[in-house]
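Note: the block below is query_28.tsv and it holds TSV, C-alpha atoms.
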```
chain	number	residue	atom	x	y	z
A	1	MET	CA	-14.00	8.26	-19.11
A	2	GLU	CA	-11.37	10.75	-20.28
A	3	GLU	CA	-10.62	8.48	-23.26
A	4	LEU	CA	-14.21	8.90	-24.40
A	5	PHE	CA	-13.91	12.69	-24.27
A	6	LEU	CA	-10.55	12.57	-26.05
A	7	TRP	CA	-12.21	10.57	-28.83
A	8	ILE	CA	-15.13	13.05	-28.95
A	9	ARG	CA	-12.64	15.93	-28.95
A	10	ASN	CA	-11.25	14.63	-32.24
A	11	LEU	CA	-14.73	14.82	-33.77
A	12	ILE	CA	-15.84	18.20	-32.43
A	13	SER	CA	-14.21	21.26	-30.90
A	14	ARG	CA	-12.76	21.10	-27.39
A	15	GLU	CA	-15.26	23.71	-26.27
A	16	PHE	CA	-18.26	21.78	-27.57
A	17	ALA	CA	-16.91	18.58	-25.97
A	18	ILE	CA	-16.76	20.39	-22.60
A	19	PHE	CA	-20.27	21.75	-23.11
A	20	ILE	CA	-21.53	18.21	-23.79
A	21	ALA	CA	-19.59	16.79	-20.82
A	22	ALA	CA	-21.27	19.32	-18.52
A	23	MET	CA	-24.69	18.20	-19.77
A	24	LEU	CA	-24.10	14.54	-18.89
A	25	PRO	CA	-25.25	13.19	-15.50
A	26	VAL	CA	-21.97	11.34	-14.98
A	27	THR	CA	-19.63	14.31	-15.35
A	28	GLU	CA	-21.72	17.48	-15.11
A	29	LEU	CA	-19.88	20.67	-14.27
A	30	ARG	CA	-17.77	18.93	-11.62
A	31	GLY	CA	-15.98	16.86	-14.23
A	32	ALA	CA	-16.20	19.22	-17.20
A	33	ILE	CA	-14.26	22.11	-15.67
A	34	PRO	CA	-11.16	20.14	-14.60
A	35	LEU	CA	-11.23	18.36	-17.96
A	36	ALA	CA	-11.38	21.70	-19.80
A	37	VAL	CA	-8.51	23.16	-17.78
A	38	SER	CA	-6.44	20.02	-18.41
A	39	TRP	CA	-7.07	20.53	-22.14
A	40	GLY	CA	-5.70	24.08	-21.96
A	41	ILE	CA	-9.01	25.94	-21.97
A	42	SER	CA	-8.87	29.01	-19.73
A	43	PRO	CA	-10.57	28.58	-16.35
A	44	MET	CA	-13.02	31.41	-17.12
A	45	GLN	CA	-14.05	29.91	-20.45
A	46	ALA	CA	-14.24	26.45	-18.85
A	47	PHE	CA	-16.54	27.84	-16.18
A	48	TRP	CA	-18.99	29.41	-18.65
A	49	LEU	CA	-19.04	26.43	-21.01
A	50	ALA	CA	-19.67	24.05	-18.12
A	51	PHE	CA	-22.13	26.30	-16.29
A	52	ILE	CA	-24.36	26.76	-19.33
A	53	GLY	CA	-23.96	23.13	-20.38
A	54	ASN	CA	-24.89	21.91	-16.91
A	55	LEU	CA	-28.09	23.98	-16.93
A	56	VAL	CA	-29.30	22.82	-20.36
A	57	PRO	CA	-30.90	19.56	-19.13
A	58	VAL	CA	-32.42	21.13	-16.00
A	59	MET	CA	-35.53	22.65	-17.62
A	60	PRO	CA	-36.49	19.49	-19.51
A	61	LEU	CA	-35.81	17.39	-16.41
A	62	LEU	CA	-37.98	19.57	-14.18
A	63	ILE	CA	-40.81	19.56	-16.74
A	64	LEU	CA	-40.65	15.96	-17.97
A	65	LEU	CA	-39.26	13.89	-15.11
A	66	ASP	CA	-42.58	13.37	-13.34
A	67	PRO	CA	-44.72	12.40	-16.36
A	68	VAL	CA	-42.00	10.26	-17.97
A	69	THR	CA	-41.30	8.49	-14.68
A	70	GLU	CA	-44.99	7.82	-14.17
A	71	LEU	CA	-45.22	6.30	-17.64
A	72	LEU	CA	-42.05	4.20	-17.31
A	73	ARG	CA	-42.96	2.88	-13.85
A	74	LYS	CA	-45.65	0.76	-15.49
A	75	VAL	CA	-42.82	-1.49	-16.73
A	76	PRO	CA	-41.48	-3.63	-13.85
A	77	ILE	CA	-37.76	-3.21	-14.62
A	78	PHE	CA	-38.13	0.60	-14.79
A	79	ASP	CA	-40.24	0.57	-11.65
A	80	ARG	CA	-37.43	-1.18	-9.76
A	81	PHE	CA	-34.90	1.30	-11.17
A	82	PHE	CA	-36.97	4.30	-10.10
A	83	GLU	CA	-37.56	2.79	-6.64
A	84	TRP	CA	-33.78	2.52	-6.23
A	85	LEU	CA	-33.16	5.99	-7.68
A	86	TYR	CA	-35.82	7.64	-5.51
A	87	ALA	CA	-34.58	5.89	-2.35
A	88	ARG	CA	-31.00	6.94	-3.12
A	89	THR	CA	-32.04	10.52	-3.79
A	90	LEU	CA	-34.12	10.67	-0.60
A	91	ARG	CA	-31.14	9.45	1.45
A	92	LYS	CA	-28.95	12.23	0.07
A	93	SER	CA	-31.45	15.07	0.17
A	94	ASP	CA	-32.30	15.68	3.84
A	95	ARG	CA	-31.70	19.43	3.45
A	96	VAL	CA	-34.03	19.61	0.48
A	97	LYS	CA	-36.76	17.85	2.41
A	98	LYS	CA	-36.28	20.16	5.38
A	99	TYR	CA	-35.66	23.52	3.64
A	100	GLY	CA	-37.23	23.15	0.19
A	101	ALA	CA	-35.73	25.37	-2.51
A	102	ILE	CA	-33.11	26.83	-0.14
A	103	GLY	CA	-31.98	23.31	0.72
A	104	LEU	CA	-31.84	22.57	-3.00
A	105	ILE	CA	-29.26	25.35	-3.42
A	106	PHE	CA	-26.97	23.81	-0.80
A	107	PHE	CA	-27.56	20.29	-2.13
A	108	THR	CA	-26.53	21.35	-5.64
A	109	ALA	CA	-23.69	23.62	-4.51
A	110	VAL	CA	-21.73	20.86	-2.77
A	111	PRO	CA	-19.12	20.00	-5.39
A	112	LEU	CA	-19.24	16.24	-4.84
A	113	PRO	CA	-20.44	13.43	-7.08
A	114	THR	CA	-24.22	12.75	-7.07
A	115	THR	CA	-25.14	16.21	-5.76
A	116	GLY	CA	-25.39	17.95	-9.10
A	117	ALA	CA	-28.16	19.38	-11.22
A	118	TRP	CA	-29.52	16.01	-12.36
A	119	THR	CA	-30.01	14.67	-8.84
A	120	ALA	CA	-31.26	18.07	-7.65
A	121	SER	CA	-33.86	18.04	-10.43
A	122	LEU	CA	-35.00	14.62	-9.25
A	123	ALA	CA	-35.13	15.85	-5.64
A	124	ALA	CA	-37.14	18.90	-6.71
A	125	THR	CA	-39.58	16.60	-8.49
A	126	ILE	CA	-39.87	14.23	-5.53
A	127	PHE	CA	-40.48	17.07	-3.07
A	128	LYS	CA	-42.83	18.92	-5.46
A	129	ILE	CA	-40.83	22.17	-5.46
A	130	ARG	CA	-42.39	24.62	-7.92
A	131	PHE	CA	-40.59	24.89	-11.25
A	132	LYS	CA	-39.44	28.51	-10.97
A	133	TRP	CA	-38.06	28.04	-7.45
A	134	ALA	CA	-36.45	24.72	-8.34
A	135	PHE	CA	-34.79	26.14	-11.47
A	136	LEU	CA	-33.55	29.22	-9.61
A	137	ALA	CA	-32.23	27.12	-6.71
A	138	ILE	CA	-30.51	24.59	-8.97
A	139	SER	CA	-28.99	27.39	-11.09
A	140	THR	CA	-27.67	29.09	-7.96
A	141	GLY	CA	-26.23	25.83	-6.66
A	142	VAL	CA	-24.58	25.09	-10.02
A	143	LEU	CA	-23.13	28.62	-10.00
A	144	ILE	CA	-21.62	28.14	-6.53
A	145	ALA	CA	-20.26	24.67	-7.37
A	146	GLY	CA	-18.87	26.02	-10.65
A	147	ILE	CA	-17.02	28.81	-8.92
A	148	ALA	CA	-15.56	26.39	-6.37
A	149	ILE	CA	-14.49	23.84	-8.99
A	150	THR	CA	-13.02	26.58	-11.21
A	151	LEU	CA	-10.99	28.02	-8.34
A	152	LEU	CA	-9.75	24.52	-7.45
A	153	SER	CA	-8.95	23.67	-11.08
A	154	ALA	CA	-7.07	26.93	-11.58
A	155	GLY	CA	-5.06	26.30	-8.41
A	156	ILE	CA	-6.35	29.49	-6.79
A	157	ILE	CA	-7.63	27.55	-3.79
A	158	THR	CA	-6.55	24.17	-2.52
A	159	VAL	CA	-8.37	21.65	-0.37
A	160	PHE	CA	-5.31	20.39	1.48
```

Could you rewrite the structure in this file as structure tokens?
Amino acid sequence: MEELFLWIRNLISREFAIFIAAMLPVTELRGAIPLAVSWGISPMQAFWLAFIGNLVPVMPLLILLDPVTELLRKVPIFDRFFEWLYARTLRKSDRVKKYGAIGLIFFTAVPLPTTGAWTASLAATIFKIRFKWAFLAISTGVLIAGIAITLLSAGIITVF
């Protein structure tokens, strides 16, 4: 994956590459910040690039996920994909189901793969959390995860 970003980095600025990486569901902020720091971008700048980049897809996801999913589910292959995706999201989002928007904050804040803004947007859609509360909760969770990942990437805190 890093090879892809190195190739992109040759086409665009490092900062824009990090911004784009944070927007993607595969890397999000959790991958973008360590990548930025490894490229020599300051931890503070890495945080802001990744934080803003990670939030860019959230609004469109919260607005469009339900109607687009409904439309795509009419095609059998997409229906199977969304069945799998919804089941996977439901398995990982017990706190969201139990606590709503507050649970969404904790779900998004955990700096582990598959608990980021993209999956949180899907969980908010599945559990019918109102847009403003979902966006605020996801933003707060991304902020918390971003701070944790930045501190880890800068070597200020260590896990072990």

- [ ] For CA of Ala134 in chain A and CA of Gly100 in chain A, quote the distance in Å rounded to one decimal.
- [x] 8.7 Å

Open item on the list: So that I can check the surroundings of range 83-92 of chain A, please list as a PyMOL selection string every protein, DNA and RNA residue that reaches within 12 Å of it, counting all atoms listed in the file and ignoring chain neighbours fewer than 5 positions away.
Closed with: chain A and resi 65-66+69-70+72-73+76-78+97-98+103-104+106-108+110+112-116+118-127

Open item on the list: When you look at Ile18 in chain A with a cut-off of 7 Å (counting all atoms listed in the file), what residues show up, excluding the ones that are within fewer than 5 positions of it in the same chain? I need them as JSON, numbers by chain.
Closed with: {"A": [32, 36, 49, 50]}

Open item on the list: For a quick check of understanding, using all atoms listed in the file, which of A:Met44, A:Ile138, A:Leu55, A:Leu62 has the smallest distance to Ala21 in chain A?
Closed with: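 Ranked by minimum distance to Ala21 in chain A, first place goes to A:Leu55.
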
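Closest to Gly146 in chain A among A:Val58, A:Ile33, A:Val26, A:Ile12 is A:Ile33, based on all atoms listed in the file.
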
Task: Option closest in space to Met23 in chain A, from A:Thr140, A:Asn10, A:Asn54, A:Ser93 [counting all atoms listed in the file] - done: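 For Met23 in chain A, the nearest of the given residues is A:Asn54.
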
- [ ] Kindly give the distance, in Å, that separates CA of Ile20 in chain A and CA of Lys132 in chain A, rounded to a single decimal.
- [x]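 Between CA of Ile20 in chain A and CA of Lys132 in chain A the gap works out to 24.3 Å.
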
- [ ] May I have the protein, DNA and RNA residues with an atom at most 7 Å from (-32.8, 30.2, -5.1), counting only C-alpha atoms in the file's coordinates, returned as a list of chain:residue names?
- [x]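 Result, sorted by chain then residue number: A:Ala101, A:Ile102, A:Ile105, A:Trp133, A:Leu136, A:Ala137, A:Thr140.
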
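Of the listed residues A:Phe47, A:Lys74, A:Ser139, A:Ala117, the one whose atoms come nearest to Ser153 in chain A is A:Phe47, with distances taken using only C-alpha atoms.
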
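What separates CA of Arg95 in chain A from CA of Ala46 in chain A is a distance of 29.2 Å.
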
Open item on the list: Measuring between only C-alpha atoms, which one of A:Val68, A:Pro43, A:Ala145, A:Ile156 shows the shortest distance to Glu28 in chain A?
Closed with: A:Ala145

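Distances here use all atoms listed in the file; by that measure, the residue among A:Leu61, A:Asp94, A:Ala154, A:Tyr99 closest to Phe131 in chain A is A:Leu61.
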